[in-house]
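This is coords-v2.txt (compact mmCIF, C-alpha atoms).
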# COMPACT_ATOMS: atom_id res chain seq x y z
CA MET A 1420 -12.96 22.15 1.45
CA SER A 1421 -10.61 23.50 4.11
CA ASN A 1422 -7.02 24.67 4.02
CA VAL A 1423 -4.13 23.36 6.09
CA SER A 1424 -1.25 25.62 7.09
CA ASN A 1425 2.02 24.49 8.57
CA PHE A 1426 4.10 25.73 11.49
CA THR A 1427 7.58 26.82 10.45
CA TYR A 1428 10.55 25.96 12.64
CA ASP A 1429 10.54 29.48 14.12
CA GLU A 1430 6.84 29.24 14.99
CA ILE A 1431 7.26 25.98 16.92
CA SER A 1432 7.81 26.04 20.67
CA ILE A 1433 8.62 23.38 23.24
CA GLY A 1434 5.39 22.07 24.79
CA GLN A 1435 3.26 22.87 21.72
CA THR A 1436 0.64 20.18 21.08
CA ALA A 1437 -1.63 18.96 18.30
CA SER A 1438 -3.91 16.00 17.74
CA PHE A 1439 -5.25 14.06 14.77
CA ASN A 1440 -7.85 11.31 14.84
CA LYS A 1441 -9.11 8.64 12.50
CA GLN A 1442 -11.54 5.77 12.68
CA VAL A 1443 -9.86 2.59 11.48
CA GLY A 1444 -12.34 0.94 9.15
CA GLU A 1445 -12.56 -2.37 7.38
CA GLN A 1446 -11.34 -0.79 4.17
CA ASP A 1447 -8.27 0.81 5.80
CA VAL A 1448 -7.08 -2.61 6.91
CA SER A 1449 -7.67 -4.08 3.45
CA LEU A 1450 -5.87 -1.11 1.84
CA PHE A 1451 -2.93 -1.58 4.19
CA SER A 1452 -2.73 -5.28 3.27
CA ALA A 1453 -2.78 -4.41 -0.43
CA LEU A 1454 -0.07 -1.76 -0.29
CA SER A 1455 2.28 -3.38 2.23
CA GLY A 1456 1.91 -6.99 1.11
CA ASP A 1457 1.05 -8.19 4.64
CA VAL A 1458 -1.97 -10.44 4.02
CA ASN A 1459 -1.90 -12.24 7.37
CA PRO A 1460 -5.32 -13.70 8.16
CA VAL A 1461 -5.38 -12.07 11.62
CA HIS A 1462 -6.07 -8.84 9.70
CA LEU A 1463 -8.29 -10.18 6.91
CA ASP A 1464 -10.08 -13.36 8.01
CA GLU A 1465 -12.73 -13.02 10.72
CA SER A 1466 -13.00 -16.72 11.50
CA TYR A 1467 -9.22 -17.20 11.65
CA ALA A 1468 -8.85 -14.13 13.88
CA ALA A 1469 -11.49 -15.49 16.26
CA GLY A 1470 -9.11 -18.33 17.11
CA THR A 1471 -6.15 -16.07 17.96
CA ILE A 1472 -5.29 -14.38 21.28
CA PHE A 1473 -6.98 -11.24 19.91
CA GLY A 1474 -10.36 -12.94 19.41
CA GLU A 1475 -11.21 -10.75 16.42
CA ARG A 1476 -9.57 -9.05 13.42
CA ILE A 1477 -7.01 -6.40 14.32
CA ALA A 1478 -5.42 -3.61 12.31
CA HIS A 1479 -1.77 -3.86 11.30
CA GLY A 1480 0.45 -2.20 13.93
CA MET A 1481 2.14 -0.05 11.33
CA LEU A 1482 -1.24 1.33 10.22
CA THR A 1483 -1.08 3.24 13.50
CA GLY A 1484 2.42 4.33 12.44
CA ALA A 1485 0.94 5.60 9.19
CA ILE A 1486 -1.62 7.68 11.10
CA ILE A 1487 1.14 9.15 13.32
CA SER A 1488 2.99 10.14 10.15
CA ALA A 1489 -0.15 11.84 8.85
CA ALA A 1490 -0.51 13.76 12.14
CA LEU A 1491 3.00 15.14 11.67
CA ALA A 1492 2.46 15.93 8.00
CA MET A 1493 -0.98 17.51 8.33
CA GLU A 1494 -1.03 19.08 11.83
CA LEU A 1495 2.34 19.65 13.51
CA PRO A 1496 4.60 20.79 11.91
CA GLY A 1497 2.27 20.21 8.93
CA PRO A 1498 2.86 20.47 5.17
CA GLY A 1499 6.50 20.67 4.14
CA THR A 1500 7.73 18.55 7.08
CA VAL A 1501 10.54 16.10 6.25
CA TYR A 1502 10.36 12.87 8.26
CA LEU A 1503 13.73 11.87 9.71
CA GLY A 1504 12.92 9.13 12.18
CA GLN A 1505 10.42 7.51 14.50
CA THR A 1506 10.39 5.13 17.42
CA LEU A 1507 7.25 3.09 18.08
CA ARG A 1508 5.97 0.82 20.85
CA PHE A 1509 2.75 -1.04 20.08
CA THR A 1510 1.02 -1.57 23.41
CA ARG A 1511 -2.54 -2.68 22.60
CA PRO A 1512 -4.26 -4.00 19.46
CA VAL A 1513 -6.39 -1.66 17.35
CA LYS A 1514 -9.65 -3.36 16.39
CA ILE A 1515 -11.75 -2.72 13.28
CA GLY A 1516 -13.97 0.28 14.02
CA ASP A 1517 -11.76 1.77 16.74
CA ARG A 1518 -11.26 5.52 16.61
CA ILE A 1519 -7.68 6.40 17.46
CA THR A 1520 -6.28 9.83 18.32
CA VAL A 1521 -2.65 10.79 17.89
CA HIS A 1522 -1.43 13.31 20.49
CA LEU A 1523 1.76 15.15 19.56
CA GLU A 1524 3.87 17.31 21.86
CA VAL A 1525 7.05 19.15 20.93
CA THR A 1526 9.84 18.03 23.26
CA GLY A 1527 12.94 19.41 21.56
CA LYS A 1528 14.32 21.81 18.96
CA ARG A 1529 17.78 21.93 17.47
CA ASP A 1530 18.37 25.38 16.02
CA ASP A 1531 21.47 24.60 13.95
CA LYS A 1532 19.69 21.88 11.96
CA GLY A 1533 16.01 22.82 12.11
CA PHE A 1534 15.23 19.46 13.73
CA VAL A 1535 12.19 19.08 15.98
CA THR A 1536 11.43 16.09 18.24
CA LEU A 1537 7.86 15.26 19.23
CA ASP A 1538 6.45 12.85 21.77
CA CYS A 1539 3.69 10.74 20.18
CA LYS A 1540 0.91 9.01 22.11
CA VAL A 1541 -1.96 7.20 20.40
CA LEU A 1542 -5.13 6.51 22.38
CA ASN A 1543 -8.22 4.57 21.39
CA GLN A 1544 -11.83 5.68 22.01
CA ASN A 1545 -11.58 4.28 25.56
CA ASP A 1546 -8.50 6.43 26.30
CA LYS A 1547 -6.28 3.36 26.35
CA LEU A 1548 -2.76 3.74 24.97
CA VAL A 1549 -2.35 1.71 21.77
CA ALA A 1550 1.05 3.05 20.70
CA SER A 1551 3.69 5.57 21.73
CA GLY A 1552 7.03 6.81 20.55
CA GLU A 1553 9.13 9.75 19.48
CA ALA A 1554 9.27 11.43 16.07
CA GLN A 1555 12.16 13.41 14.66
CA VAL A 1556 11.44 15.78 11.78
CA LEU A 1557 13.00 18.60 9.81
CA ALA A 1558 10.49 21.40 10.28
CA PRO A 1559 9.48 23.57 7.31
CA SER A 1560 11.40 26.82 6.85
CA GLU A 1561 8.64 28.43 4.77
CA LYS A 1562 5.00 28.99 5.56
CA ILE A 1563 2.75 27.07 3.18
CA THR A 1564 -0.96 26.35 2.93
CA ILE A 1565 -2.49 23.42 1.07
CA GLU A 1566 -6.06 22.32 0.40
CA ARG A 1567 -7.28 19.48 2.61
CA THR A 1568 -9.33 18.11 -0.26
CA SER A 1569 -7.72 15.74 -2.57
CA SER A 1570 -7.67 12.42 -0.68
CA PRO A 1571 -7.77 9.77 -3.40
CA ARG A 1572 -10.81 7.49 -3.11
CA PHE A 1573 -10.56 3.77 -3.64
CA GLY A 1574 -12.91 0.85 -3.97
CA LEU A 1575 -12.49 -2.91 -3.81
CA ILE A 1576 -12.11 -4.71 -7.13
CA ASP A 1577 -13.50 -8.27 -7.05
CA MET B 732 -0.86 -19.56 -5.36
CA SER B 733 1.96 -20.22 -2.90
CA ASN B 734 2.01 -20.90 0.80
CA VAL B 735 3.88 -18.99 3.48
CA SER B 736 5.17 -20.71 6.61
CA ASN B 737 6.50 -18.99 9.69
CA PHE B 738 9.55 -19.58 11.87
CA THR B 739 8.66 -20.34 15.47
CA TYR B 740 10.72 -18.85 18.28
CA ASP B 741 12.63 -22.12 18.69
CA GLU B 742 13.46 -22.24 14.97
CA ILE B 743 14.96 -18.75 14.94
CA SER B 744 18.69 -18.26 15.43
CA ILE B 745 20.90 -15.20 15.86
CA GLY B 746 22.27 -14.13 12.47
CA GLN B 747 19.32 -15.59 10.52
CA THR B 748 18.35 -13.36 7.58
CA ALA B 749 15.44 -12.80 5.21
CA SER B 750 14.50 -10.26 2.59
CA PHE B 751 11.31 -8.90 1.05
CA ASN B 752 11.03 -6.53 -1.87
CA LYS B 753 8.37 -4.36 -3.44
CA GLN B 754 8.17 -1.82 -6.21
CA VAL B 755 6.57 1.37 -4.92
CA GLY B 756 4.06 2.38 -7.56
CA GLU B 757 1.87 5.38 -8.18
CA GLN B 758 -1.11 3.56 -6.70
CA ASP B 759 0.71 2.60 -3.48
CA VAL B 760 1.39 6.26 -2.76
CA SER B 761 -2.24 7.19 -3.47
CA LEU B 762 -3.47 4.31 -1.29
CA PHE B 763 -1.20 5.43 1.53
CA SER B 764 -2.57 8.98 1.28
CA ALA B 765 -6.12 7.66 1.40
CA LEU B 766 -5.65 5.42 4.40
CA SER B 767 -3.37 7.64 6.50
CA GLY B 768 -4.92 11.00 5.70
CA ASP B 769 -1.59 12.51 4.62
CA VAL B 770 -2.49 14.26 1.37
CA ASN B 771 0.60 16.47 1.14
CA PRO B 772 1.20 17.57 -2.46
CA VAL B 773 4.84 16.40 -2.37
CA HIS B 774 3.35 12.89 -2.59
CA LEU B 775 0.41 13.57 -4.92
CA ASP B 776 1.09 16.61 -7.14
CA GLU B 777 3.84 16.27 -9.74
CA SER B 778 4.13 19.99 -10.50
CA TYR B 779 4.21 20.95 -6.81
CA ALA B 780 6.81 18.28 -6.08
CA ALA B 781 9.02 19.56 -8.92
CA GLY B 782 9.50 22.78 -6.94
CA THR B 783 10.62 21.04 -3.72
CA ILE B 784 14.12 19.93 -2.70
CA PHE B 785 13.16 16.45 -3.95
CA GLY B 786 12.47 17.62 -7.52
CA GLU B 787 9.78 14.97 -8.02
CA ARG B 788 7.01 13.12 -6.15
CA ILE B 789 8.24 10.95 -3.28
CA ALA B 790 6.61 8.15 -1.33
CA HIS B 791 5.58 8.74 2.28
CA GLY B 792 8.40 7.73 4.65
CA MET B 793 6.09 5.49 6.63
CA LEU B 794 5.16 3.56 3.48
CA THR B 795 8.67 2.12 3.83
CA GLY B 796 7.75 1.37 7.46
CA ALA B 797 4.69 -0.50 6.19
CA ILE B 798 6.84 -2.63 3.90
CA ILE B 799 9.24 -3.44 6.78
CA SER B 800 6.22 -4.57 8.80
CA ALA B 801 5.15 -6.82 5.92
CA ALA B 802 8.66 -8.33 5.75
CA LEU B 803 8.37 -9.29 9.42
CA ALA B 804 4.82 -10.60 9.04
CA MET B 805 5.37 -12.56 5.82
CA GLU B 806 9.03 -13.67 5.93
CA LEU B 807 10.77 -13.58 9.33
CA PRO B 808 9.33 -14.63 11.73
CA GLY B 809 6.29 -14.73 9.37
CA PRO B 810 2.59 -15.38 10.05
CA GLY B 811 1.61 -15.23 13.71
CA THR B 812 4.24 -12.61 14.60
CA VAL B 813 3.10 -9.95 17.11
CA TYR B 814 4.69 -6.55 16.48
CA LEU B 815 6.01 -4.96 19.68
CA GLY B 816 8.10 -2.05 18.49
CA GLN B 817 10.19 -0.48 15.76
CA THR B 818 12.79 2.23 15.38
CA LEU B 819 13.18 3.92 12.01
CA ARG B 820 15.63 6.35 10.40
CA PHE B 821 14.64 7.66 6.98
CA THR B 822 17.88 8.37 5.15
CA ARG B 823 16.93 8.92 1.49
CA PRO B 824 13.66 9.60 -0.33
CA VAL B 825 11.86 6.74 -2.11
CA LYS B 826 10.70 7.88 -5.56
CA ILE B 827 7.69 6.58 -7.49
CA GLY B 828 8.80 3.45 -9.34
CA ASP B 829 11.69 2.61 -6.99
CA ARG B 830 12.04 -1.04 -6.02
CA ILE B 831 13.01 -1.34 -2.37
CA THR B 832 14.30 -4.41 -0.56
CA VAL B 833 13.99 -4.95 3.18
CA HIS B 834 16.88 -6.94 4.66
CA LEU B 835 16.20 -8.46 8.08
CA GLU B 836 18.76 -10.03 10.40
CA VAL B 837 18.06 -11.54 13.81
CA THR B 838 20.23 -9.79 16.39
CA GLY B 839 18.72 -10.95 19.67
CA LYS B 840 16.44 -13.48 21.38
CA ARG B 841 14.97 -13.33 24.85
CA ASP B 842 13.99 -16.84 25.90
CA ASP B 843 11.83 -15.93 28.91
CA LYS B 844 9.50 -13.74 26.82
CA GLY B 845 9.78 -15.13 23.29
CA PHE B 846 10.96 -11.70 22.06
CA VAL B 847 13.15 -11.44 18.98
CA THR B 848 15.01 -8.32 17.80
CA LEU B 849 15.87 -7.83 14.15
CA ASP B 850 18.09 -5.32 12.40
CA CYS B 851 16.24 -3.80 9.42
CA LYS B 852 17.93 -2.21 6.41
CA VAL B 853 16.01 -1.01 3.36
CA LEU B 854 17.90 -0.49 0.09
CA ASN B 855 16.66 0.90 -3.23
CA GLN B 856 17.42 -0.57 -6.67
CA ASN B 857 20.77 1.29 -6.66
CA ASP B 858 21.77 -0.36 -3.34
CA LYS B 859 21.43 2.97 -1.52
CA LEU B 860 20.10 2.87 2.05
CA VAL B 861 16.66 4.52 2.24
CA ALA B 862 15.78 3.49 5.80
CA SER B 863 17.12 1.49 8.72
CA GLY B 864 16.11 0.55 12.23
CA GLU B 865 15.41 -2.21 14.68
CA ALA B 866 12.26 -4.28 15.10
CA GLN B 867 11.11 -6.04 18.24
CA VAL B 868 8.55 -8.82 17.88
CA LEU B 869 6.95 -11.65 19.81
CA ALA B 870 7.78 -14.67 17.65
CA PRO B 871 5.12 -17.31 16.98
CA SER B 872 5.09 -20.29 19.31
CA GLU B 873 3.23 -22.51 16.80
CA LYS B 874 4.10 -23.44 13.25
CA ILE B 875 1.47 -22.14 10.82
CA THR B 876 1.14 -21.94 7.05
CA ILE B 877 -1.09 -19.48 5.19
CA GLU B 878 -1.87 -18.93 1.51
CA ARG B 879 -0.07 -16.01 -0.06
CA THR B 880 -3.07 -15.31 -2.28
CA SER B 881 -5.64 -13.05 -0.94
CA SER B 882 -4.21 -9.54 -1.31
CA PRO B 883 -7.27 -7.31 -1.69
CA ARG B 884 -7.30 -5.42 -5.01
CA PHE B 885 -8.28 -1.79 -5.20
CA GLY B 886 -9.02 0.72 -7.91
CA LEU B 887 -9.34 4.50 -7.97
CA ILE B 888 -12.87 5.91 -7.74
CA ASP B 889 -13.25 9.25 -9.53
Can the structure in the file be given as structure tokens, please?
Amino acid sequence: MSNVSNFTYDEISIGQTASFNKQVGEQDVSLFSALSGDVNPVHLDESYAAGTIFGERIAHGMLTGAIISAALAMELPGPGTVYLGQTLRFTRPVKIGDRITVHLEVTGKRDDKGFVTLDCKVLNQNDKLVASGEAQVLAPSEKITIERTSSPRFGLID
Amino acid sequence: MSNVSNFTYDEISIGQTASFNKQVGEQDVSLFSALSGDVNPVHLDESYAAGTIFGERIAHGMLTGAIISAALAMELPGPGTVYLGQTLRFTRPVKIGDRITVHLEVTGKRDDKGFVTLDCKVLNQNDKLVASGEAQVLAPSEKITIERTSSPRFGLID
């Protein structure tokens, strides 16, 4: 059980970096289908996916977006961050079992508003770019620390 | 059990619209925390959230992004769409229990590549804009129909 602290606006500097990684498992793709409503067979049906240009099941593009959002919320700036906007380019498919790493770098600060812009690059385990973009956030004004515990756990219901 | 058909590139015209709606429930927010890794208490802890500027628990911003991605994948262009990119502005918080509707409108086609751009606006049940942006997709070249059934079902594990 570890704690997560944030970086307040004043503690953030241009060029500051952070990273966050996650293995994209079978269950993540099923969870994403359930919560978004996107039940396309390219994500859920192995035999269907084998006949597509991808040749196998792939994760939803926006699942990578979700992991970028977690990087911002958990690492930099961290807890208390308010998400204002994001651009995304999906450049390569993420396959089931891939481990992807989000690399964040602070590229801008706007003192009058507390806004921070971050360059976002997401690489797979072979260091190939799967997505990139820019995030804009309102950085926290107060230092806070939360417990990294309480991720809800889910199981498939048949 | 209904079927979902797509619109191929040739069937898509500038100005064409579609919509997709979803009520954002308690479980969607927990699922999003589990799959993304963002376990910030503003999403998960009612008493913590009461002390924030939001006054109550809010959904993750990128959960709205996930629902936009489902609108593209299920409605317009529909199954077989390849997601190329997305811009997003988060303008208002989405609260637990809100019903949000994604409105898509085709704003551009690029014949040499098969790319389609769509304006995306997301409104809550009070017709207030919660997010907006632009999607870029590779539209399907073949007509396909899938069953709208198989959304995986999940339950909380204690």
- Using all atoms listed in the file, pick whichever of A:Gly1434, A:Pro1460, A:Gly1527, A:Gly1474 has the shortest atom-to-atom distance to chain B.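 Result for the nearest residue to chain B: A:Pro1460.
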- Message: Set the distance at 9 Å and use all atoms listed in the file: which residues neighbour Tyr1502 of chain A once local chain neighbours fewer than 4 positions away are removed? I'd like the list as a ChimeraX atom specification.
- Response: /A:1488,1491-1492,1554-1558 /B:791-793,820-821
- Message: Nearest residue to chain A out of B:Leu854, B:Ile799, B:Leu819, B:Ile827, using only C-alpha atoms?
- Response: B:Leu819
Give one line per residue of chain B that approaches chain A to at most 8 Å, naming the two atoms of the closest pair and their distance in Å to one decimal, counting all atoms listed in the file; sort by chain then ascending residue number and deliver it as JSON lines.
{"residue": "B:Asp759", "atom": "CA", "partner": "A:Leu1454", "partner_atom": "CA", "distance": 5.5}
{"residue": "B:Ser761", "atom": "CA", "partner": "A:Pro1571", "partner_atom": "CA", "distance": 6.1}
{"residue": "B:Leu762", "atom": "CA", "partner": "A:Leu1450", "partner_atom": "CA", "distance": 6.7}
{"residue": "B:Phe763", "atom": "CA", "partner": "A:Leu1454", "partner_atom": "CA", "distance": 7.5}
{"residue": "B:Ser764", "atom": "CA", "partner": "A:Ser1570", "partner_atom": "CA", "distance": 6.5}
{"residue": "B:Ala765", "atom": "CA", "partner": "A:Ser1570", "partner_atom": "CA", "distance": 5.4}
{"residue": "B:Leu766", "atom": "CA", "partner": "A:Asp1447", "partner_atom": "CA", "distance": 5.5}
{"residue": "B:Ser767", "atom": "CA", "partner": "A:Ile1486", "partner_atom": "CA", "distance": 4.9}
{"residue": "B:Gly768", "atom": "CA", "partner": "A:Ala1489", "partner_atom": "CA", "distance": 5.8}
{"residue": "B:Asp769", "atom": "CA", "partner": "A:Ala1489", "partner_atom": "CA", "distance": 4.5}
{"residue": "B:Val770", "atom": "CA", "partner": "A:Ser1570", "partner_atom": "CA", "distance": 5.9}
{"residue": "B:Asn771", "atom": "CA", "partner": "A:Pro1498", "partner_atom": "CA", "distance": 6.1}
{"residue": "B:Pro772", "atom": "CA", "partner": "A:Ile1565", "partner_atom": "CA", "distance": 7.8}
{"residue": "B:Val773", "atom": "CA", "partner": "A:Gly1499", "partner_atom": "CA", "distance": 8.0}
{"residue": "B:Gly792", "atom": "CA", "partner": "A:Tyr1502", "partner_atom": "CA", "distance": 6.6}
{"residue": "B:Met793", "atom": "CA", "partner": "A:Ala1485", "partner_atom": "CA", "distance": 5.8}
{"residue": "B:Leu794", "atom": "CA", "partner": "A:Ala1485", "partner_atom": "CA", "distance": 7.4}
{"residue": "B:Gly796", "atom": "CA", "partner": "A:Met1481", "partner_atom": "CA", "distance": 7.0}
{"residue": "B:Ala797", "atom": "CA", "partner": "A:Ser1455", "partner_atom": "CA", "distance": 5.5}
{"residue": "B:Ile798", "atom": "CA", "partner": "A:Ser1455", "partner_atom": "CA", "distance": 4.9}
{"residue": "B:Ser800", "atom": "CA", "partner": "A:Met1481", "partner_atom": "CA", "distance": 6.6}
{"residue": "B:Ala801", "atom": "CA", "partner": "A:Asp1457", "partner_atom": "CA", "distance": 4.5}
{"residue": "B:Ala802", "atom": "CA", "partner": "A:Asp1457", "partner_atom": "CA", "distance": 7.7}
{"residue": "B:Ala804", "atom": "CA", "partner": "A:Asp1457", "partner_atom": "CA", "distance": 6.3}
{"residue": "B:Met805", "atom": "CA", "partner": "A:Asp1457", "partner_atom": "CA", "distance": 6.3}
{"residue": "B:Pro810", "atom": "CA", "partner": "A:Asn1459", "partner_atom": "CA", "distance": 6.1}
{"residue": "B:Gly811", "atom": "CA", "partner": "A:Asn1459", "partner_atom": "CA", "distance": 7.8}
{"residue": "B:Tyr814", "atom": "CA", "partner": "A:Gly1480", "partner_atom": "CA", "distance": 6.6}
{"residue": "B:Leu815", "atom": "CA", "partner": "A:Phe1509", "partner_atom": "CA", "distance": 5.1}
{"residue": "B:Gly816", "atom": "CA", "partner": "A:Arg1508", "partner_atom": "CA", "distance": 4.3}
{"residue": "B:Gln817", "atom": "CA", "partner": "A:Leu1507", "partner_atom": "CA", "distance": 5.2}
{"residue": "B:Thr818", "atom": "CA", "partner": "A:Thr1506", "partner_atom": "CA", "distance": 4.3}
{"residue": "B:Leu819", "atom": "CA", "partner": "A:Gln1505", "partner_atom": "CA", "distance": 5.2}
{"residue": "B:Arg820", "atom": "CA", "partner": "A:Gly1504", "partner_atom": "CA", "distance": 4.3}
{"residue": "B:Phe821", "atom": "CA", "partner": "A:Leu1503", "partner_atom": "CA", "distance": 5.1}
{"residue": "B:Thr822", "atom": "CA", "partner": "A:Leu1503", "partner_atom": "CA", "distance": 7.1}
{"residue": "B:Ile877", "atom": "CA", "partner": "A:Asn1459", "partner_atom": "CA", "distance": 7.6}
{"residue": "B:Arg879", "atom": "CA", "partner": "A:Val1458", "partner_atom": "CA", "distance": 7.2}
{"residue": "B:Ser881", "atom": "CA", "partner": "A:Val1458", "partner_atom": "CA", "distance": 6.7}
{"residue": "B:Ser882", "atom": "CA", "partner": "A:Ala1453", "partner_atom": "CA", "distance": 5.4}
{"residue": "B:Pro883", "atom": "CA", "partner": "A:Ala1453", "partner_atom": "CA", "distance": 5.5}
{"residue": "B:Arg884", "atom": "CA", "partner": "A:Ile1576", "partner_atom": "CA", "distance": 5.3}
{"residue": "B:Phe885", "atom": "CA", "partner": "A:Leu1575", "partner_atom": "CA", "distance": 4.6}
{"residue": "B:Gly886", "atom": "CA", "partner": "A:Phe1573", "partner_atom": "CA", "distance": 5.5}
{"residue": "B:Leu887", "atom": "CA", "partner": "A:Phe1573", "partner_atom": "CA", "distance": 4.6}
{"residue": "B:Ile888", "atom": "CA", "partner": "A:Phe1573", "partner_atom": "CA", "distance": 5.2}
{"residue": "B:Asp889", "atom": "CA", "partner": "A:Arg1572", "partner_atom": "CA", "distance": 7.1}
Could you save the residues just selected, with C-alpha atoms, as a compact mmCIF listing (two decimals), in the coordinates of the input?
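For reference, again.txt as written:
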# COMPACT_ATOMS: atom_id res chain seq x y z
CA ASP B 759 0.71 2.60 -3.48
CA SER B 761 -2.24 7.19 -3.47
CA LEU B 762 -3.47 4.31 -1.29
CA PHE B 763 -1.20 5.43 1.53
CA SER B 764 -2.57 8.98 1.28
CA ALA B 765 -6.12 7.66 1.40
CA LEU B 766 -5.65 5.42 4.40
CA SER B 767 -3.37 7.64 6.50
CA GLY B 768 -4.92 11.00 5.70
CA ASP B 769 -1.59 12.51 4.62
CA VAL B 770 -2.49 14.26 1.37
CA ASN B 771 0.60 16.47 1.14
CA PRO B 772 1.20 17.57 -2.46
CA VAL B 773 4.84 16.40 -2.37
CA GLY B 792 8.40 7.73 4.65
CA MET B 793 6.09 5.49 6.63
CA LEU B 794 5.16 3.56 3.48
CA GLY B 796 7.75 1.37 7.46
CA ALA B 797 4.69 -0.50 6.19
CA ILE B 798 6.84 -2.63 3.90
CA SER B 800 6.22 -4.57 8.80
CA ALA B 801 5.15 -6.82 5.92
CA ALA B 802 8.66 -8.33 5.75
CA ALA B 804 4.82 -10.60 9.04
CA MET B 805 5.37 -12.56 5.82
CA PRO B 810 2.59 -15.38 10.05
CA GLY B 811 1.61 -15.23 13.71
CA TYR B 814 4.69 -6.55 16.48
CA LEU B 815 6.01 -4.96 19.68
CA GLY B 816 8.10 -2.05 18.49
CA GLN B 817 10.19 -0.48 15.76
CA THR B 818 12.79 2.23 15.38
CA LEU B 819 13.18 3.92 12.01
CA ARG B 820 15.63 6.35 10.40
CA PHE B 821 14.64 7.66 6.98
CA THR B 822 17.88 8.37 5.15
CA ILE B 877 -1.09 -19.48 5.19
CA ARG B 879 -0.07 -16.01 -0.06
CA SER B 881 -5.64 -13.05 -0.94
CA SER B 882 -4.21 -9.54 -1.31
CA PRO B 883 -7.27 -7.31 -1.69
CA ARG B 884 -7.30 -5.42 -5.01
CA PHE B 885 -8.28 -1.79 -5.20
CA GLY B 886 -9.02 0.72 -7.91
CA LEU B 887 -9.34 4.50 -7.97
CA ILE B 888 -12.87 5.91 -7.74
CA ASP B 889 -13.25 9.25 -9.53
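Interatomic distance, atom CA of Gly828 of chain B to atom CA of Ser733 of chain B: 25.5 Å.
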- Asn1543 of chain A surroundings by all atoms listed in the file, 8 Å radius, close-in-sequence under 3 positions cut, as a PyMOL selection string: chain A and resi 1513+1517-1520+1546-1549
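Here atom CA of Ile1477 of chain A and atom CA of Ser1438 of chain A stand 22.9 Å from one another.
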- Top pick for closest residue to Tyr779 of chain B, considering A:Arg1529, A:Ala1437, A:Ile1563, A:Lys1514 and counting only C-alpha atoms: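 Between A:Arg1529, A:Ala1437, A:Ile1563, A:Lys1514, the residue approaching Tyr779 of chain B most closely is A:Ile1563.
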- Rounded to one decimal place, report the atom CA of Val1541 of chain A-atom CA of Ser1466 of chain A distance in Å.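 A separation of 27.8 Å between them.
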- Note on the structure: Using only C-alpha atoms, the shortest atom-to-atom distance to Thr739 of chain B among B:His834, B:Ala790, B:Leu807, B:Lys844 belongs to B:Leu807
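For Glu1475 of chain A, the set of protein, DNA and RNA residues having any atom at most 7 Å away, when counting all atoms listed in the file and skipping those fewer than 3 positions along the same chain, is Glu1465, Ala1468 and Ala1469 of chain A.
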Expected axis-aligned box over every listed atom of segment 762-768 of chain B, 4 Å added per side, centre plus edges in Å to one decimal, as lines of an AutoDock Vina configuration file:
center_x = -3.7
center_y = 7.7
center_z = 2.6
size_x = 12.9
size_y = 14.7
size_z = 15.8
